[in-house]
Amino acid sequence: MQADRRIAGMRVALELAKRGVRGANPLVGAVIIDSSGSILATGYHRGAGTPHAEADALTRLGPIPADAAREATMLVTLEPCNHVGRTGPCAQAIIDAGIGKVVYAAKDEGSEAAGGAARLRAAGVNVEQGLLETDALDLNHRWFLARAGKRPFTTLHLAQTLDGRIAAADGTSQWITSPDSLRHAHQIRSRVDAIVVGTGTVLADDPRLNARDEHGRPFDRQPRRIVMGEREIPAGAALAADANWEQIRSHDPRMVLGRLHEAGISHVLIEGGSSIITAFLAEDLVDEIYLYQAPIFLGAGRQSIGDLGVGTLGDARAFRLDPIDGESVQILGTDTLTHLEPIPVRLPGRSTAS
Ligand SMILES: NC(=O)C1=CN([C@@H]2O[C@H](COP(=O)(O)OP(=O)(O)OC[C@H]3O[C@@H](n4cnc5c(N)ncnc54)[C@H](OP(=O)(O)O)[C@@H]3O)[C@@H](O)[C@H]2O)C=CC1
Ligand SMILES: Nc1c(N[C@@H]2O[C@H](COP(=O)(O)O)[C@@H](O)[C@H]2O)[nH]c(=O)[nH]c1=O
């Protein structure tokens with residue numbers, strides 16, 4: 001088969017991967033082609049707890065004759081997994097389907113899911129790695145970085161005015177953003193494993209920090225509520241309504257993320273306030289941002305971001321539009337939502353992801 005047919009197939013897999021959402025799991029796409037390079041089936045991973053891309057593509061392929069399966073190639077953007085998590089091992093599913101060849105773009109090193117390629121080879125499947133690897137690393141560059149750092153993937157929520165303020169001079173901040181923005185913010189809350197806020201926000205707002213629908217009803221899946229800081233939280237605080245919360249008496253974002261990782265938390269939402277957001281940004285511990293911008297000025301009040309130690313323009317914390325999870329820029333009621341991710345950096349021990 002011509003190499004350009006495989007490259008074209010892998011490009012389709014990369015595009016499919018972008019239909020998913022990142023967080024606990026990376027974005028992954030898969031395409032099954034026949035010996036002439038025609039696409040037989042496609043799949044992608046839709047987010048934590050849903051089938052992996054390979055399993056999705058195999059389901060769509062359905063049963064095919066054994067010789068056709070042997071002639072087929074699975075093109076997948078990440079090494080097929082080798083473990084039973086919330087779904088079964090993809091390497092075994094590919095073996096069971098009788099697929100003759102697997103080409104994957106990026107290795108899945110250093111995770112409990114690694115070893116899929118070895119398992120496939122041991123079962124006689126022809127395996128190749130590296131096709132469009134740079135694109136595949138770029139797609140999940142922050143997810144790989146988070147995993148290498150043994151910490152959860154982090155999403156920053158920032159709901160601010162046009163002049164970058166998250167509360168007025170008198171401390172009022174509910175609500176800066178529109179009901180549509182709040183609805184979106186609650187969807188994100190329902191996606192994550194934990195929400196982190198500082199003691200300042202708890203003492204100022206007494207937030208509930210649960211994930212609710214537009215009628216105020218809690219979703220089935222609720223994040224754990226984490227408060228960072230030393231000050232005592234009042235016994236009657238709204239977020240302490242049930243046991244699914246914890247105070248971590250630390251000012252060190254890396255230590256807090258390490259603790260959460262050890263507790264099995266894979267995706268964290270940083271909600272605020274200003275001091276907490278600044279601390280995570282200063283340490284390059286923000287993997288994506290949902291920036292909700294309301295069309296109002298306050299002229300005074302709490303700035304969303306404090307001192308990041310940036311003295312000159314060249315040292316600015318640089319982000320780019322994130323094409324994942326819908327349009328990078330959306331209108332939500334009267335607000336603008338911008339989805340951003342950090343500019344990629346070279347990953348230690350890997351090919352460049354930029
Ligand atoms: N518009 C929006 O989306 C949001 C707005 N807000 C608003 O933000 C305001 C609160 O912001 P802010 O006062 O900064 O409060 P924060 O919620 O950021 O909490 C700050 C406190 O957290 C503790 N802390 C833990 N780690 C650190 C660290 N690395 N650096 C500094 N402090 C740390 C300290 O408390 P300790 O002394 O206890 O250790 C500190 O006083 C409120 O007005 C609230 O309404 C808040 C969230 C979202
Ligand atoms: N003010 C503000 C936000 N503030 C965040 O919402 C928290 C209140 O959560 P809850 O009590 O669960 O409704 C508050 O403490 C802060 O973390 N969020 C936004 O999307 N838009 C806004 O304008």
# chains A, B, ... in the order shown; residues from 1 in each chain; ligands from 1
$ residues_near_ligand --ligand "ligand 2" --cutoff "6 Å" --atoms "only C-alpha atoms and all ligand atoms" --output "ChimeraX atom specification"
/A:159,173-177,182,185,201,205,207-210,271-272
$ write_last_selection --atoms "N, CA and C atoms" --output "tab-separated table (two decimals), in the first residue's frame"
chain	number	residue	atom	x	y	z
A	159	ALA	N	-13.73	33.82	34.97
A	159	ALA	CA	-14.93	34.58	34.59
A	159	ALA	C	-14.68	36.03	34.98
A	173	SER	N	-19.22	39.67	43.27
A	173	SER	CA	-18.77	39.04	42.03
A	173	SER	C	-19.85	38.14	41.43
A	174	GLN	N	-20.99	38.01	42.11
A	174	GLN	CA	-22.04	37.11	41.61
A	174	GLN	C	-23.22	37.93	41.11
A	175	TRP	N	-23.43	37.93	39.80
A	175	TRP	CA	-22.66	37.24	38.79
A	175	TRP	C	-22.11	38.20	37.78
A	176	ILE	N	-20.83	38.07	37.50
A	176	ILE	CA	-20.19	38.86	36.45
A	176	ILE	C	-20.65	38.34	35.09
A	177	THR	N	-20.71	37.02	34.96
A	177	THR	CA	-21.00	36.42	33.64
A	177	THR	C	-22.47	36.04	33.51
A	182	LEU	N	-22.68	30.62	32.89
A	182	LEU	CA	-22.75	29.81	34.11
A	182	LEU	C	-23.11	28.36	33.77
A	185	ALA	N	-20.10	26.73	32.50
A	185	ALA	CA	-19.16	26.50	33.60
A	185	ALA	C	-19.57	25.28	34.43
A	201	THR	N	-11.77	32.68	48.55
A	201	THR	CA	-13.04	32.54	47.83
A	201	THR	C	-14.11	31.94	48.74
A	205	ASP	N	-17.29	34.20	49.32
A	205	ASP	CA	-18.50	33.83	48.55
A	205	ASP	C	-19.35	32.73	49.18
A	207	PRO	N	-19.18	29.53	48.45
A	207	PRO	CA	-19.72	28.83	47.28
A	207	PRO	C	-20.12	27.39	47.59
A	208	ARG	N	-21.06	26.87	46.79
A	208	ARG	CA	-21.42	25.45	46.93
A	208	ARG	C	-20.44	24.57	46.19
A	209	LEU	N	-19.99	25.03	45.01
A	209	LEU	CA	-18.99	24.33	44.20
A	209	LEU	C	-19.43	22.95	43.74
A	210	ASN	N	-20.75	22.76	43.59
A	210	ASN	CA	-21.20	21.51	42.96
A	210	ASN	C	-21.56	21.81	41.50
A	271	GLU	N	-10.75	27.07	40.05
A	271	GLU	CA	-11.83	28.08	39.90
A	271	GLU	C	-11.45	29.44	40.43
A	272	GLY	N	-10.50	29.53	41.31
A	272	GLY	CA	-10.13	30.85	41.83
A	272	GLY	C	-9.84	30.79	43.31
$ select_by_dssp --residues "region 70-269 of chain A" --states "alpha helix (DSSP H)" --output "ChimeraX atom specification"
/A:70-71,90-97,116-122,133-139,141-148,179-191,199-205,253-262
$ residues_near_ligand --ligand "ligand 1" --cutoff "7 Å" --atoms "only C-alpha atoms and all ligand atoms" --output "VMD selection string"
chain A and resid 157 to 160 166 to 167 171 to 173 176 197 to 202 204 to 205 228 to 231 249 to 253 271 to 277 279 302
$ write_last_selection --atoms "C-alpha atoms" --output "PDB file, in the first residue's frame"
ATOM      1  CA  HIS A 157     -11.978  28.727  34.865  1.00  0.00           C
ATOM      2  CA  LEU A 158     -11.739  32.493  34.525  1.00  0.00           C
ATOM      3  CA  ALA A 159     -14.933  34.585  34.589  1.00  0.00           C
ATOM      4  CA  GLN A 160     -13.972  38.235  34.307  1.00  0.00           C
ATOM      5  CA  ILE A 166     -13.151  38.968  38.978  1.00  0.00           C
ATOM      6  CA  ALA A 167     -14.794  40.978  41.748  1.00  0.00           C
ATOM      7  CA  GLY A 171     -16.166  42.250  46.879  1.00  0.00           C
ATOM      8  CA  THR A 172     -19.338  41.493  44.900  1.00  0.00           C
ATOM      9  CA  SER A 173     -18.768  39.039  42.030  1.00  0.00           C
ATOM     10  CA  ILE A 176     -20.194  38.860  36.445  1.00  0.00           C
ATOM     11  CA  VAL A 197     -10.448  27.163  45.275  1.00  0.00           C
ATOM     12  CA  GLY A 198      -8.574  29.215  47.878  1.00  0.00           C
ATOM     13  CA  THR A 199      -9.736  29.985  51.403  1.00  0.00           C
ATOM     14  CA  GLY A 200     -10.266  33.606  50.210  1.00  0.00           C
ATOM     15  CA  THR A 201     -13.042  32.544  47.833  1.00  0.00           C
ATOM     16  CA  VAL A 202     -14.703  30.323  50.432  1.00  0.00           C
ATOM     17  CA  ALA A 204     -15.848  35.770  50.502  1.00  0.00           C
ATOM     18  CA  ASP A 205     -18.504  33.830  48.549  1.00  0.00           C
ATOM     19  CA  MET A 228      -6.235  25.424  49.476  1.00  0.00           C
ATOM     20  CA  GLY A 229      -4.927  27.506  52.378  1.00  0.00           C
ATOM     21  CA  GLU A 230      -4.404  27.680  56.115  1.00  0.00           C
ATOM     22  CA  ARG A 231      -7.385  29.617  57.421  1.00  0.00           C
ATOM     23  CA  ARG A 249      -3.360  23.478  54.256  1.00  0.00           C
ATOM     24  CA  SER A 250      -0.697  24.354  51.723  1.00  0.00           C
ATOM     25  CA  HIS A 251       0.283  27.239  49.440  1.00  0.00           C
ATOM     26  CA  ASP A 252       2.215  24.966  47.052  1.00  0.00           C
ATOM     27  CA  PRO A 253       0.206  24.172  43.878  1.00  0.00           C
ATOM     28  CA  GLU A 271     -11.828  28.078  39.899  1.00  0.00           C
ATOM     29  CA  GLY A 272     -10.130  30.845  41.828  1.00  0.00           C
ATOM     30  CA  GLY A 273      -9.768  33.262  43.264  1.00  0.00           C
ATOM     31  CA  SER A 274      -7.089  35.556  42.072  1.00  0.00           C
ATOM     32  CA  SER A 275      -4.300  34.300  44.369  1.00  0.00           C
ATOM     33  CA  ILE A 276      -4.866  30.649  43.494  1.00  0.00           C
ATOM     34  CA  ILE A 277      -5.115  31.329  39.744  1.00  0.00           C
ATOM     35  CA  ALA A 279      -0.066  30.640  41.809  1.00  0.00           C
ATOM     36  CA  ARG A 302      -9.949  42.474  42.211  1.00  0.00           C
TER      37      ARG A 302
END
$ closest_residue --among "A:Val21, A:Ala93, A:Leu332, A:Ala294" --to "Asp56 (chain A)" --atoms "only C-alpha atoms"
A:Ala93
$ residues_around --residues "Asp322 (chain A)" --least-positions-apart "6" --cutoff "12 Å" --atoms "only C-alpha atoms" --output "list of chain:residue names"
A:Lys18, A:Val21, A:Arg22, A:Asp138, A:Leu139, A:Asn140, A:Arg142, A:Asp287, A:Glu288, A:Ile289, A:Tyr290, A:Leu291, A:Ser328, A:Val329, A:Gln330, A:Leu337, A:Thr338, A:His339, A:Leu340, A:Glu341, A:Pro342, A:Ile343, A:Pro344
$ closest_residue --among "A:Gly306, A:Gly301, A:Pro152, A:Pro323" --to "Ala263 (chain A)" --atoms "only C-alpha atoms"
A:Pro152
$ select_by_dssp --residues "region 204-347 of chain A" --states "strand (DSSP E)" --output "PyMOL selection string"
chain A and resi 224-228+245-248+267-272+288-293+302-303+319-321+329-332+335-342
$ closest_atom_pairs --of "region 9-31 of chain A" --to "region 35-40 of chain A" --cutoff "10 Å" --atoms "only C-alpha atoms" --output "Markdown table"
| residue | atom | partner | partner_atom | distance |
| --- | --- | --- | --- | --- |
| A:Gly9 | CA | A:Ile39 | CA | 7.5 |
| A:Val12 | CA | A:Ile39 | CA | 9.7 |
| A:Val31 | CA | A:Ile39 | CA | 6.9 |
$ write_last_selection --atoms "N, CA and C atoms" --output "short mmCIF file (atom, residue, chain, number, x, y, z; two decimals), in the first residue's frame"
data_model
loop_
_atom_site.label_atom_id
_atom_site.label_comp_id
_atom_site.auth_asym_id
_atom_site.auth_seq_id
_atom_site.Cartn_x
_atom_site.Cartn_y
_atom_site.Cartn_z
N GLY A 9 -4.77 8.41 6.07
CA GLY A 9 -5.60 7.75 7.09
C GLY A 9 -5.27 8.26 8.49
N VAL A 12 -6.77 11.59 9.09
CA VAL A 12 -8.20 11.47 9.45
C VAL A 12 -8.32 11.12 10.94
N VAL A 31 -8.46 4.82 12.73
CA VAL A 31 -9.03 4.56 11.41
C VAL A 31 -8.60 3.16 10.99
#
$ atom_distance --atom1 "CA of Pro51 (chain A)" --atom2 "CA of Leu260 (chain A)"
24.8 Å
$ closest_residue --among "A:Ala211, A:Ala123, A:Leu285, A:Leu131" --to "Leu145 (chain A)" --atoms "only C-alpha atoms"
A:Leu285
$ closest_residue --among "A:Leu257, A:Leu16, A:Ile248, A:Leu281" --to "Phe319 (chain A)" --atoms "only C-alpha atoms"
A:Leu281
$ closest_residue --among "A:Glu128, A:Asp163, A:Asp34, A:Glu327" --to "Phe297 (chain A)" --atoms "only C-alpha atoms"
A:Asp163
$ closest_residue --among "A:Gly29, A:Gly98, A:Gly309, A:Gly47" --to "Ala69 (chain A)" --atoms "only C-alpha atoms"
A:Gly98
$ residues_around --residues "Ala235 (chain A)" --least-positions-apart "3" --cutoff "12 Å" --atoms "only C-alpha atoms" --output "MDAnalysis selection string"
chainID A and resid 202:203 206 232 238:242
$ residues_around --residues "Ala118 (chain A)" --least-positions-apart "4" --cutoff "10 Å" --atoms "only C-alpha atoms" --output "ChimeraX atom specification"
/A:82,91,114,122-125,127
$ write_last_selection --atoms "C-alpha atoms" --output "PDB file, in the first residue's frame"
ATOM      1  CA  ASN A  82      -2.806  -2.702  27.632  1.00  0.00           C
ATOM      2  CA  ALA A  91      -4.529  -4.311  22.359  1.00  0.00           C
ATOM      3  CA  ALA A 114       1.600   1.100  28.405  1.00  0.00           C
ATOM      4  CA  ALA A 122       3.514 -11.161  20.956  1.00  0.00           C
ATOM      5  CA  ALA A 123       0.197 -12.125  19.342  1.00  0.00           C
ATOM      6  CA  GLY A 124       1.707 -11.888  15.840  1.00  0.00           C
ATOM      7  CA  VAL A 125       0.311  -8.480  14.859  1.00  0.00           C
ATOM      8  CA  VAL A 127       3.236  -3.127  14.559  1.00  0.00           C
TER       9      VAL A 127
END
$ residues_around --residues "Glu15 (chain A)" --least-positions-apart "5" --cutoff "12 Å" --atoms "only C-alpha atoms" --output "JSON, numbers by chain"
{"A": [8, 9, 10, 20, 27, 28, 29, 30, 31, 42, 43, 44, 45, 76, 77, 135, 136, 139, 323, 324]}
$ write_last_selection --atoms "C-alpha atoms" --output "mmCIF file, in the first residue's frame"
data_model
loop_
_atom_site.group_PDB
_atom_site.id
_atom_site.type_symbol
_atom_site.label_atom_id
_atom_site.label_comp_id
_atom_site.auth_asym_id
_atom_site.auth_seq_id
_atom_site.Cartn_x
_atom_site.Cartn_y
_atom_site.Cartn_z
ATOM 1 C CA ALA A 8 -3.953 10.307 4.789
ATOM 2 C CA GLY A 9 -5.602 7.751 7.087
ATOM 3 C CA MET A 10 -3.582 8.925 10.092
ATOM 4 C CA GLY A 20 -13.270 14.438 21.855
ATOM 5 C CA LEU A 27 -7.556 12.799 22.681
ATOM 6 C CA VAL A 28 -7.277 9.690 20.490
ATOM 7 C CA GLY A 29 -8.558 8.819 17.005
ATOM 8 C CA ALA A 30 -8.444 5.556 15.026
ATOM 9 C CA VAL A 31 -9.033 4.558 11.406
ATOM 10 C CA THR A 42 -13.336 5.151 12.113
ATOM 11 C CA GLY A 43 -13.536 5.908 15.802
ATOM 12 C CA TYR A 44 -12.492 8.362 18.488
ATOM 13 C CA HIS A 45 -12.498 8.715 22.237
ATOM 14 C CA VAL A 76 -4.260 5.073 15.711
ATOM 15 C CA THR A 77 -2.867 8.310 17.139
ATOM 16 C CA ASP A 135 1.270 15.969 15.268
ATOM 17 C CA ALA A 136 0.071 13.362 17.763
ATOM 18 C CA LEU A 139 -2.425 17.234 20.074
ATOM 19 C CA PRO A 323 -9.581 23.991 18.705
ATOM 20 C CA ILE A 324 -10.883 21.193 20.960
#
$ atom_distance --atom1 "CA of Met74 (chain A)" --atom2 "CA of Thr134 (chain A)"
18.8 Å
$ atom_distance --atom1 "CA of Phe144 (chain A)" --atom2 "CA of Ala105 (chain A)"
13.8 Å
$ residues_around --residues "Asp220 (chain A)" --least-positions-apart "6" --cutoff "12 Å" --atoms "only C-alpha atoms" --output "ChimeraX atom specification"
/A:187,189-191,210-213
